[in-house]
Amino acid sequence: MSLEELYQDIIVDHGKSPRNSGVLSAATHQKVGHNPLCGDKLVLYLIVQDDVIQDARFEGVGCAISVASASLMIETIKGKTTQAVATLFSQFHLLVTEGKAPNQALGKLLAFSGVYHFPIRVKCATLAWHTLNVALEENSRRKQRSEVSE
Amino acid sequence: MVYLDSAASTQKPRAVVDAMSHFYYNDYANIHRGIYELSERATRIFESAREDVRRFINARHIEEIIFVRGTTEAINLVAESYGRTHFKTGDEVIVSAMEHHANIVPWVMRDLHLKVIPLLESGECDQAAYRQLFTSKTKLVALTHVSNVLGTINPVREMIQIAHAHGVPVLVDGAQAVPHFAVDVAALDCDFYAFSGHKMYGPTGTGVLYGKRAHLDAMPPYQGGGDMIETVSFDKVTFAKTPNKFEAGTPDIAGVVGLSAAIGYLEKIGMSSIAAHDAVLLADAEKKLSTIAGVRIIGCATKKVGVISFVIEGVHPHDVGTVLDHAGVMVRAGHHCAMPLMKRLGVHATVRASFGIYNDIAEVDALIAAIETAQKMFAGRCLHESA
């Protein structure tokens with residue numbers, strides 16, 4: 001496994017110049033993701049309306065893999081339903097932990113296929129996704145509660 | 001394979017592995033209890049290791065050597081046992097800004113207030129500030145001998161004198177010192193000295209707490225169990241004397257045998273030769289690293305061991321670590337269990353190369369070449385694609 005397969009151009013690029021970085025002041029969701037082992041940290045901001053990710057941004061520091069992952073994740077999830085995002089996460093997880101991509105649904109995220117060969121870096125690639133997952137889970141719990149109270 | 005992570009743990013010489021397997025095959029039994037010859041022999045071997053440690057750090061009495069699992073347990077033993085009779089909530093402990101978490105968390109867990117010796121830009125303790133930290137509430141100074149991140153050797157002897165002038169005892173975390181140069185606890189006059197076997201070419205699961213006998217004799221036991229008692233009934237227990245009262249349960253007997261072999265190995269090479277070899281590698285690495293544009297060495301203390309932290313402009317330490325690993329060069333990348341120090345240095349993480357007795361100049365060159373590869377990999381690769 002060559003390093004170039006891990007550090008594909010798109011990953012190096014997004015690692016250096018992340019898209020959608022910064023604060024989202026109108027965020028409906030804000031979640032901190034932290035990897036205590038390496039110190040990587042990011043804050044994820046989401047605007048979720050009618051179960052659709054209307055907008056998202058992040059702030060954080062980390063290695064090329066974790067920053068690029070956050071950047072490309074946000075590009076991919078914008079405009080998608082939370083259900084579609086959950087499916088993407090499970091496919092992304094499969095890609096980086098088992099090296100499997102059953103179809104082309106992941107699009108640009110397929111650039112992370114090399115991570116599978118560097119197990120130590122799986123946590124870097126999935127930090128943003130786990131943070132997103134927790135944020136959306138809290139969203140669905142909140143919704144359930146409000147439905148019950150109605 | 002270029003192993004530059006000896007500050008995390010050293011590789012083991014054959015002498016250590018052989019001593020342990022020889023012990024298991026020929027001399028193994030539980031210690032301090034058997035009435036048979038084999039147990040007596042195992043006990044004798046175990047206790048002779050205690051004498052080896054005493055000699056290695058020049059303690060006055062063999063009873064001042066307590067076997068523990070490692071530096072972390074040694075410090076926790078002092079926090080628990082010494083702390084039980086000497087600390088109350090709100091008391092103060094002086095630590096430096098370069099401490100490992102192992103010399104921070106045990107004090108915080110005892111509800112002590114930490115007074116922190118600030119660092120100068122060089123990565124050395126601010127001695128003037130240190131003198132100002134003592135108050136009537138100061139109960140202990142807990143100080144690392146050598147920084148695991150910066151390599152700085154603290155002037156612990158002078159700092160101990162200052163503490164003692166205030167009537168305050170000193171615990172020294174010697175985990176990063178004992179592998180690099182000769183340590184003399186009598187000359188240092190420290191009250192406690194903690195170190196690990198696995199960072200000095202010995203096995204994991206072994207470590208030593210040295211304590212001045214007067215302290216140890218007055219301290220209550222650490223953990224309860226077998227091997228640390230004199231008599232037990234259901235309503236009364238009398239404890240064994242120092243050091244056994246701190247060594248409850250069956251210890252890592254073969255590990256201690258391995259530690260003894262490691263000491264023998266280091267003594268055979270000679271600690272002054274080890275220090276000289278370390279200095280050559282450090283000087284060579286610093287010289288070569290400083291010629292690479294974009295590389296910044298962190299910590300420029302006058303006295304250092306062979307531990308170098310650095311950052312590379314535009315490349316995160318984890319990515320450096322992966323590229324170096326790919327080139328067969330093993331370094332540590334991260335916060336090195338010293339998050340307060342990272343904050344002080346204004347970095348999130350560093351790359352750390354640390355040297356051991358088995359490293360050579362060719363391995364420094366391999367490090368330099370791998371760093372240049374990492375720089376090339378991340379330089380000028382932008383897609384300019386639209387988001």
# chains A, B, ... in the order shown; residues from 1 in each chain; ligands from 1

$ closest_atom_pairs --of "chain B" --to "chain A" --cutoff "12 Å" --atoms "only C-alpha atoms" --output "JSON lines"
{"residue": "B:Glu313", "atom": "CA", "partner": "A:Lys16", "partner_atom": "CA", "distance": 11.5}
{"residue": "B:Gly314", "atom": "CA", "partner": "A:Lys16", "partner_atom": "CA", "distance": 7.7}
{"residue": "B:Val315", "atom": "CA", "partner": "A:Cys63", "partner_atom": "CA", "distance": 7.7}
{"residue": "B:His316", "atom": "CA", "partner": "A:Cys63", "partner_atom": "CA", "distance": 5.0}
{"residue": "B:Pro317", "atom": "CA", "partner": "A:Cys63", "partner_atom": "CA", "distance": 7.2}
{"residue": "B:His318", "atom": "CA", "partner": "A:Cys63", "partner_atom": "CA", "distance": 5.9}
{"residue": "B:Asp319", "atom": "CA", "partner": "A:Cys63", "partner_atom": "CA", "distance": 6.1}
{"residue": "B:Val320", "atom": "CA", "partner": "A:Cys63", "partner_atom": "CA", "distance": 9.2}
{"residue": "B:Gly321", "atom": "CA", "partner": "A:Cys63", "partner_atom": "CA", "distance": 10.4}
{"residue": "B:Thr322", "atom": "CA", "partner": "A:Phe118", "partner_atom": "CA", "distance": 8.5}
{"residue": "B:Val323", "atom": "CA", "partner": "A:Leu3", "partner_atom": "CA", "distance": 7.1}
{"residue": "B:Leu324", "atom": "CA", "partner": "A:Leu3", "partner_atom": "CA", "distance": 10.4}
{"residue": "B:Asp325", "atom": "CA", "partner": "A:Leu3", "partner_atom": "CA", "distance": 10.3}
{"residue": "B:His326", "atom": "CA", "partner": "A:Leu3", "partner_atom": "CA", "distance": 7.4}
{"residue": "B:Ala327", "atom": "CA", "partner": "A:Leu3", "partner_atom": "CA", "distance": 9.9}
{"residue": "B:Arg332", "atom": "CA", "partner": "A:Cys38", "partner_atom": "CA", "distance": 10.6}
{"residue": "B:Ala333", "atom": "CA", "partner": "A:Cys38", "partner_atom": "CA", "distance": 7.9}
{"residue": "B:Gly334", "atom": "CA", "partner": "A:Cys38", "partner_atom": "CA", "distance": 5.2}
{"residue": "B:His335", "atom": "CA", "partner": "A:Cys38", "partner_atom": "CA", "distance": 6.5}
{"residue": "B:His336", "atom": "CA", "partner": "A:Cys38", "partner_atom": "CA", "distance": 8.8}
{"residue": "B:Cys337", "atom": "CA", "partner": "A:Leu37", "partner_atom": "CA", "distance": 8.9}
{"residue": "B:Ala338", "atom": "CA", "partner": "A:Gly39", "partner_atom": "CA", "distance": 10.8}
{"residue": "B:Met339", "atom": "CA", "partner": "A:Gly39", "partner_atom": "CA", "distance": 8.4}
{"residue": "B:Pro340", "atom": "CA", "partner": "A:Gly39", "partner_atom": "CA", "distance": 11.8}
{"residue": "B:Met342", "atom": "CA", "partner": "A:Gly39", "partner_atom": "CA", "distance": 10.0}
{"residue": "B:Lys343", "atom": "CA", "partner": "A:Gly39", "partner_atom": "CA", "distance": 11.2}
{"residue": "B:Val347", "atom": "CA", "partner": "A:Val61", "partner_atom": "CA", "distance": 10.4}
{"residue": "B:His348", "atom": "CA", "partner": "A:Gly39", "partner_atom": "CA", "distance": 6.8}
{"residue": "B:Ala349", "atom": "CA", "partner": "A:Gly39", "partner_atom": "CA", "distance": 7.4}
{"residue": "B:Thr350", "atom": "CA", "partner": "A:Cys38", "partner_atom": "CA", "distance": 10.3}
{"residue": "B:Val351", "atom": "CA", "partner": "A:Cys38", "partner_atom": "CA", "distance": 11.6}
{"residue": "B:Thr373", "atom": "CA", "partner": "A:Leu3", "partner_atom": "CA", "distance": 10.6}
{"residue": "B:Ala374", "atom": "CA", "partner": "A:Leu3", "partner_atom": "CA", "distance": 10.0}
{"residue": "B:Lys376", "atom": "CA", "partner": "A:Glu4", "partner_atom": "CA", "distance": 11.7}
{"residue": "B:Met377", "atom": "CA", "partner": "A:Tyr7", "partner_atom": "CA", "distance": 8.3}
{"residue": "B:Phe378", "atom": "CA", "partner": "A:Val12", "partner_atom": "CA", "distance": 6.7}
{"residue": "B:Ala379", "atom": "CA", "partner": "A:Val12", "partner_atom": "CA", "distance": 9.3}
{"residue": "B:Gly380", "atom": "CA", "partner": "A:Asp13", "partner_atom": "CA", "distance": 9.1}
{"residue": "B:Arg381", "atom": "CA", "partner": "A:Asp13", "partner_atom": "CA", "distance": 6.3}
{"residue": "B:Cys382", "atom": "CA", "partner": "A:Asp13", "partner_atom": "CA", "distance": 4.8}
{"residue": "B:Leu383", "atom": "CA", "partner": "A:Asp13", "partner_atom": "CA", "distance": 6.0}
{"residue": "B:His384", "atom": "CA", "partner": "A:Asp13", "partner_atom": "CA", "distance": 8.0}
{"residue": "B:Glu385", "atom": "CA", "partner": "A:Ile10", "partner_atom": "CA", "distance": 8.9}
{"residue": "B:Ser386", "atom": "CA", "partner": "A:Arg19", "partner_atom": "CA", "distance": 9.2}
{"residue": "B:Ala387", "atom": "CA", "partner": "A:Arg19", "partner_atom": "CA", "distance": 6.4}

$ residues_around --residues "Val149 in chain B" --least-positions-apart "4" --cutoff "8 Å" --atoms "only C-alpha atoms" --output "PDB file with C-alpha atoms, in the first residue's frame"
ATOM      1  CA  MET B  98       6.313  20.050  31.706  1.00  0.00           C
ATOM      2  CA  VAL B 307      14.588  13.399  23.079  1.00  0.00           C
ATOM      3  CA  ILE B 308      13.621  15.882  20.354  1.00  0.00           C
ATOM      4  CA  SER B 309      10.194  17.320  19.721  1.00  0.00           C
ATOM      5  CA  HIS B 336       2.734  12.762  24.716  1.00  0.00           C
ATOM      6  CA  ALA B 338       1.431  16.208  28.520  1.00  0.00           C
ATOM      7  CA  ARG B 352       8.962  13.258  18.928  1.00  0.00           C
TER       8      ARG B 352
END

$ atom_distance --atom1 "CA of His166 in chain B" --atom2 "CA of Leu120 in chain B"
23.5 Å

$ residues_around --residues "Pro106 in chain B" --least-positions-apart "4" --cutoff "8 Å" --atoms "only C-alpha atoms" --output "ChimeraX atom specification"
/B:75-76,79,102,110

$ residues_around --residues "range 1-7 of chain B" --least-positions-apart "6" --cutoff "7 Å" --atoms "only C-alpha atoms" --output "CSV table (one decimal) with N, CA and C atoms, in the first residue's frame"
chain,number,residue,atom,x,y,z
B,148,ASN,N,9.6,14.4,29.1
B,148,ASN,CA,9.4,13.3,28.1
B,148,ASN,C,9.1,13.9,26.7
B,176,GLN,N,12.3,9.3,32.6
B,176,GLN,CA,13.1,9.6,31.4
B,176,GLN,C,14.5,9.8,31.8
B,199,LYS,N,11.3,1.5,30.4
B,199,LYS,CA,11.9,2.6,29.7
B,199,LYS,C,13.4,2.5,29.8
B,328,GLY,N,9.7,3.3,7.5
B,328,GLY,CA,10.3,2.4,8.5
B,328,GLY,C,10.9,3.2,9.7
B,329,VAL,N,10.5,4.4,9.9
B,329,VAL,CA,11.0,5.2,11.0
B,329,VAL,C,9.9,5.4,12.0
B,330,MET,N,10.1,4.9,13.2
B,330,MET,CA,9.0,4.9,14.2
B,330,MET,C,9.3,6.1,15.2
B,331,VAL,N,8.3,7.0,15.2
B,331,VAL,CA,8.4,8.1,16.2
B,331,VAL,C,7.0,8.2,16.8
B,332,ARG,N,7.0,9.1,17.8
B,332,ARG,CA,5.7,9.3,18.5
B,332,ARG,C,5.1,10.6,17.9
B,353,ALA,N,11.1,12.4,18.3
B,353,ALA,CA,12.1,11.3,18.1
B,353,ALA,C,12.9,11.1,19.4
B,354,SER,N,13.0,9.9,19.9
B,354,SER,CA,13.8,9.7,21.1
B,354,SER,C,14.8,8.6,20.9
B,355,PHE,N,16.0,8.7,21.4
B,355,PHE,CA,17.1,7.8,21.1
B,355,PHE,C,17.3,6.8,22.3
B,356,GLY,N,17.8,5.7,21.9
B,356,GLY,CA,18.2,4.7,22.8
B,356,GLY,C,19.6,4.2,22.5
B,363,GLU,N,20.6,6.1,11.5
B,363,GLU,CA,19.2,6.2,11.8
B,363,GLU,C,18.7,7.6,11.9

$ atom_distance --atom1 "CA of Ala276 in chain B" --atom2 "CA of Met20 in chain B"
29.0 Å

$ select_by_dssp --residues "range 99-150 of chain B" --states "strand (DSSP E or B)" --output "PyMOL selection string"
chain B and resi 113-117+119+125+138-144+146

$ atom_distance --atom1 "CA of Ala128 in chain B" --atom2 "CA of Trp107 in chain B"
23.5 Å

$ residues_around --residues "Gly33 in chain A" --least-positions-apart "2" --cutoff "7 Å" --atoms "only C-alpha atoms" --output "list of chain:residue names"
A:Lys31, A:Asn35, A:Lys41, A:Leu42, A:Val43, A:Leu127, A:Ala128, A:Thr131

$ write_last_selection --atoms "N, CA and C atoms" --output "tab-separated table (two decimals), in the first residue's frame"
chain	number	residue	atom	x	y	z
A	31	LYS	N	-22.07	20.38	17.93
A	31	LYS	CA	-21.53	19.23	18.67
A	31	LYS	C	-20.00	19.23	18.60
A	35	ASN	N	-10.98	13.47	19.89
A	35	ASN	CA	-10.25	12.21	19.98
A	35	ASN	C	-9.17	12.37	21.05
A	41	LYS	N	-9.64	17.74	17.53
A	41	LYS	CA	-10.89	18.29	18.05
A	41	LYS	C	-11.60	19.05	16.96
A	42	LEU	N	-12.91	18.88	16.87
A	42	LEU	CA	-13.67	19.70	15.93
A	42	LEU	C	-15.03	20.03	16.49
A	43	VAL	N	-15.55	21.17	16.04
A	43	VAL	CA	-16.91	21.56	16.40
A	43	VAL	C	-17.73	21.52	15.11
A	127	LEU	N	-13.84	10.72	12.80
A	127	LEU	CA	-14.17	11.67	13.90
A	127	LEU	C	-15.36	12.56	13.54
A	128	ALA	N	-15.31	13.17	12.36
A	128	ALA	CA	-16.39	14.08	11.95
A	128	ALA	C	-17.71	13.33	11.83
A	131	THR	N	-19.19	12.51	15.19
A	131	THR	CA	-19.73	13.73	15.77
A	131	THR	C	-21.10	14.05	15.15

$ residues_around --residues "range 207-224 of chain B" --least-positions-apart "2" --cutoff "8 Å" --atoms "only C-alpha atoms" --output "ChimeraX atom specification"
/B:59,61,63-71,74-75,77,80-82,84-85,190-198,205,226,228,239,241-243,245-248

$ residues_around --residues "range 85-88 of chain A" --least-positions-apart "2" --cutoff "12 Å" --atoms "only C-alpha atoms" --output "PyMOL selection string"
chain A and resi 48+51-53+73-83+90-95+101-110+129-130+132-137

$ select_by_dssp --residues "range 64-94 of chain B" --states "alpha helix (DSSP H)" --output "NGL selection string"
:B and (71-77 or 83-86)

$ write_last_selection --atoms "C-alpha atoms" --output "compact mmCIF listing (two decimals), in the first residue's frame"
# COMPACT_ATOMS: atom_id res chain seq x y z
CA THR B 71 6.39 5.14 37.52
CA THR B 72 2.65 5.77 37.51
CA GLU B 73 2.04 3.34 40.34
CA ALA B 74 5.03 4.71 42.27
CA ILE B 75 3.58 8.22 42.17
CA ASN B 76 0.11 6.97 43.03
CA LEU B 77 1.59 5.08 45.99
CA GLY B 83 -1.00 11.67 51.19
CA ARG B 84 -3.30 9.90 53.64
CA THR B 85 -1.37 11.24 56.60
CA HIS B 86 0.07 14.45 55.14
